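Encoded as structure tokens, the structure appears first; notes follow it.
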Amino acid sequence: MTINSPKIPATGKRAIFLDRDGVLNDVVDRGEDFFVQGKKVRWTAPFNYNEFRFKPGIVEVLEALGERGWLRILVTNQPDITYGTMPPEEHEKIMAEVKNLPLDDIYVCIHGRNDGCLCKKPLPGMLLTAAEKWGIHLPSSYMVGDTKSDLEAARAAGTRSIIISDGRNNDLASDWRAEELAAILDIIGE
Ligand SMILES: [Mg+2]
């Protein structure tokens, strides 16, 4: 798969690509001394269903996007399954909730950092696969995320980026910045 795949149309549908953790649901504070696969991480995905909390108001935003004609496509890294930090059955319970959201498609990369996949953000594989499947025009679409890997995936795919501010990502340079998901409705317009 290459960025300028000839199968991805020069015109086509508009999509909002959405990250999951930190965009649709809250991330979890693990404190100062938490490591996953040797990497220090403080804020992580929920590792089990009991930690999973949707952010308020997201259903209404997703519905509004659909009414305006935007495809709503989830693109999420979930390497904790591969790392053994999240039991697969807990992931399935969480995703059962996510699948009830008004989304048009869902892409999950479960690979770890050293698996050499093409889908794990910051690589654009999930966005490009969706673009090919749905006939999405990437330059008129948006990726909404909360981390650097979301922004880099957007850039690599040739789509625009919106970052959801969380007080920790102020140094990241996105095309737009929103204080909460509902604010993307003003950014993207009709
Ligand atoms: Mg995130």
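We name chains A, B, ... following the order of the structure tokens; residues begin at 1 in each chain, and ligands are numbered from 1 as shown.
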Within 6 Å of ligand 1 (only C-alpha atoms and all ligand atoms), residues as a PDB file with N, CA and C atoms, in the first residue's frame:
```pdb
ATOM      1  N   ASP A  19     -10.344   8.844  16.083  1.00  0.00           N
ATOM      2  CA  ASP A  19      -9.640   8.028  17.055  1.00  0.00           C
ATOM      3  C   ASP A  19     -10.630   7.640  18.153  1.00  0.00           C
ATOM      4  N   ARG A  20     -10.312   6.607  18.922  1.00  0.00           N
ATOM      5  CA  ARG A  20     -11.243   6.196  19.987  1.00  0.00           C
ATOM      6  C   ARG A  20     -10.854   6.797  21.344  1.00  0.00           C
ATOM      7  N   ASP A  21      -9.747   6.301  21.914  1.00  0.00           N
ATOM      8  CA  ASP A  21      -9.374   6.678  23.285  1.00  0.00           C
ATOM      9  C   ASP A  21      -8.939   8.142  23.353  1.00  0.00           C
ATOM     10  N   GLY A  22      -9.604   8.921  24.188  1.00  0.00           N
ATOM     11  CA  GLY A  22      -9.302  10.344  24.288  1.00  0.00           C
ATOM     12  C   GLY A  22     -10.160  11.199  23.361  1.00  0.00           C
ATOM     13  N   GLY A 145      -8.223  13.390  16.464  1.00  0.00           N
ATOM     14  CA  GLY A 145      -7.480  12.586  17.420  1.00  0.00           C
ATOM     15  C   GLY A 145      -6.980  13.403  18.587  1.00  0.00           C
ATOM     16  N   ASP A 146      -6.180  12.772  19.431  1.00  0.00           N
ATOM     17  CA  ASP A 146      -5.654  13.472  20.608  1.00  0.00           C
ATOM     18  C   ASP A 146      -4.150  13.300  20.780  1.00  0.00           C
ATOM     19  N   THR A 147      -3.504  12.577  19.884  1.00  0.00           N
ATOM     20  CA  THR A 147      -2.071  12.344  20.049  1.00  0.00           C
ATOM     21  C   THR A 147      -1.327  12.598  18.741  1.00  0.00           C
TER      22      THR A 147
END
```
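Near Thr11 (chain A), within 9 Å and counting only C-alpha atoms, sit Gly135, Ile136, His137, Leu138 and Ser140 of chain A; same-chain residues fewer than 4 positions away were not included.
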Next item on the list: For region 188-190 of chain A, list every protein, DNA or RNA residue within 12 Å, evaluated using only C-alpha atoms, and leave out those in the same chain fewer than 5 positions away; present the list as a list in words.
Entry: Arg14, Ala15, Ile16, Ala64, Leu65, Gly66, Glu67, Arg68, Gly69, Trp70, Ser140, Ser141, Tyr142, Met143, Val144, Arg160, Ser161, Ile162, Asp175, Trp176, Arg177, Ala178, Leu181, Ala182 and Ala183 of chain A
Check: Which polymer residues have any atom within 9 Å of an atom of Asp104 (chain A), counting only C-alpha atoms, with same-chain residues fewer than 2 positions away left out, as a ChimeraX atom specification?
Finding: /A:66,71-74,102,106
Those residues with N, CA and C atoms, as a compact mmCIF listing (two decimals), in the first residue's frame please?
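File out-v8.txt, as written:
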```txt
# COMPACT_ATOMS: atom_id res chain seq x y z
N GLY A 66 -23.51 12.50 10.57
CA GLY A 66 -24.21 11.67 9.60
C GLY A 66 -25.27 12.46 8.85
N LEU A 71 -19.21 10.53 6.28
CA LEU A 71 -18.95 9.18 6.77
C LEU A 71 -18.21 9.28 8.09
N ARG A 72 -18.56 8.42 9.02
CA ARG A 72 -17.92 8.43 10.34
C ARG A 72 -17.17 7.12 10.53
N ILE A 73 -15.84 7.23 10.53
CA ILE A 73 -15.02 6.03 10.50
C ILE A 73 -14.04 6.01 11.67
N LEU A 74 -14.18 5.00 12.50
CA LEU A 74 -13.29 4.85 13.65
C LEU A 74 -11.99 4.19 13.21
N PRO A 102 -23.37 5.50 16.37
CA PRO A 102 -23.65 5.73 14.95
C PRO A 102 -22.35 5.99 14.16
N ILE A 106 -15.54 0.65 11.24
CA ILE A 106 -14.63 0.57 12.38
C ILE A 106 -13.38 -0.19 11.97
```
Next item on the list: List every residue of region 1-169 of chain A that DSSP, applied to the backbone of this structure, places in strand (DSSP E), and write the result as a PyMOL selection string.
Entry: chain A and resi 15-18+28-29+35-36+39-40+43-44+71-77+105-109+142-145+160-164
Note to self: When you count only C-alpha atoms, which of these residues is closest to Pro87 (chain A): A:Trp134, A:Phe35, A:Trp43, A:Tyr49?
What the structure shows: A:Tyr49
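For Ala157 (chain A), the residues within 8 Å (counting only C-alpha atoms, excluding itself and residues fewer than 2 positions away along the chain) are Ile3, Pro124, Leu127, Leu128, Leu138, Ala153, Ala154, Arg155 and Thr159 of chain A.
The interatomic distance for the pair CA of Pro139 (chain A) and CA of Gly158 (chain A) works out to 5.8 Å.
Residues surrounding region 44-48 of chain A within 9 Å are Arg20, Asp21, Gly22, Asn25, Asp26, Val27, Val28, Asp29, Arg30, Val41, Glu51, Phe52, Arg53, Gln78, Asp80, Ile81, Thr85, Met86, Pro87, Glu89, Glu90, His91, Lys93 and Ile94 of chain A [only C-alpha atoms; sequence separation below 3 positions excluded].
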Residue selection dump (N, CA and C atoms) as a short mmCIF file (atom, residue, chain, number, x, y, z; two decimals), in the first residue's frame:
```cif
data_model
loop_
_atom_site.label_atom_id
_atom_site.label_comp_id
_atom_site.auth_asym_id
_atom_site.auth_seq_id
_atom_site.Cartn_x
_atom_site.Cartn_y
_atom_site.Cartn_z
N ARG A 20 -10.31 6.61 18.92
CA ARG A 20 -11.24 6.20 19.99
C ARG A 20 -10.85 6.80 21.34
N ASP A 21 -9.75 6.30 21.91
CA ASP A 21 -9.37 6.68 23.28
C ASP A 21 -8.94 8.14 23.35
N GLY A 22 -9.60 8.92 24.19
CA GLY A 22 -9.30 10.34 24.29
C GLY A 22 -10.16 11.20 23.36
N ASN A 25 -13.97 8.19 24.15
CA ASN A 25 -14.01 7.77 25.57
C ASN A 25 -12.81 8.35 26.30
N ASP A 26 -12.94 8.36 27.62
CA ASP A 26 -11.86 8.91 28.46
C ASP A 26 -10.66 7.97 28.47
N VAL A 27 -9.47 8.57 28.56
CA VAL A 27 -8.28 7.78 28.82
C VAL A 27 -8.14 7.63 30.34
N VAL A 28 -7.23 6.74 30.75
CA VAL A 28 -7.11 6.40 32.17
C VAL A 28 -5.73 6.83 32.68
N ASP A 29 -5.72 7.53 33.81
CA ASP A 29 -4.48 8.00 34.42
C ASP A 29 -3.86 6.87 35.25
N ARG A 30 -2.68 6.40 34.84
CA ARG A 30 -1.99 5.31 35.55
C ARG A 30 -0.96 5.81 36.56
N VAL A 41 4.31 5.18 30.30
CA VAL A 41 3.08 5.81 29.83
C VAL A 41 2.23 6.15 31.04
N GLU A 51 -13.28 0.14 33.22
CA GLU A 51 -12.60 1.44 33.08
C GLU A 51 -13.14 2.26 31.91
N PHE A 52 -14.02 1.68 31.15
CA PHE A 52 -14.45 2.31 29.90
C PHE A 52 -15.59 3.29 30.14
N ARG A 53 -15.39 4.55 29.73
CA ARG A 53 -16.42 5.59 29.88
C ARG A 53 -16.48 6.41 28.59
N GLN A 78 -5.10 -0.56 19.18
CA GLN A 78 -5.34 -1.26 20.45
C GLN A 78 -4.24 -2.29 20.68
N ASP A 80 -2.64 -2.99 23.26
CA ASP A 80 -2.62 -3.62 24.58
C ASP A 80 -3.11 -5.07 24.54
N ILE A 81 -3.87 -5.40 23.51
CA ILE A 81 -4.26 -6.81 23.34
C ILE A 81 -3.00 -7.64 23.06
N THR A 85 -1.71 -6.54 28.02
CA THR A 85 -2.19 -5.63 29.06
C THR A 85 -3.72 -5.62 29.13
N MET A 86 -4.35 -5.96 28.00
CA MET A 86 -5.82 -5.99 27.95
C MET A 86 -6.29 -7.35 27.47
N PRO A 87 -7.06 -8.04 28.28
CA PRO A 87 -7.59 -9.34 27.83
C PRO A 87 -8.49 -9.15 26.61
N GLU A 89 -11.14 -10.56 25.72
CA GLU A 89 -12.58 -10.55 26.00
C GLU A 89 -13.03 -9.19 26.56
N GLU A 90 -12.12 -8.49 27.25
CA GLU A 90 -12.46 -7.14 27.72
C GLU A 90 -12.53 -6.17 26.53
N HIS A 91 -11.60 -6.34 25.60
CA HIS A 91 -11.64 -5.53 24.37
C HIS A 91 -12.97 -5.75 23.65
N LYS A 93 -15.83 -6.66 24.90
CA LYS A 93 -16.93 -6.03 25.64
C LYS A 93 -16.97 -4.53 25.38
N ILE A 94 -15.80 -3.91 25.36
CA ILE A 94 -15.74 -2.47 25.07
C ILE A 94 -16.22 -2.20 23.65
#
```
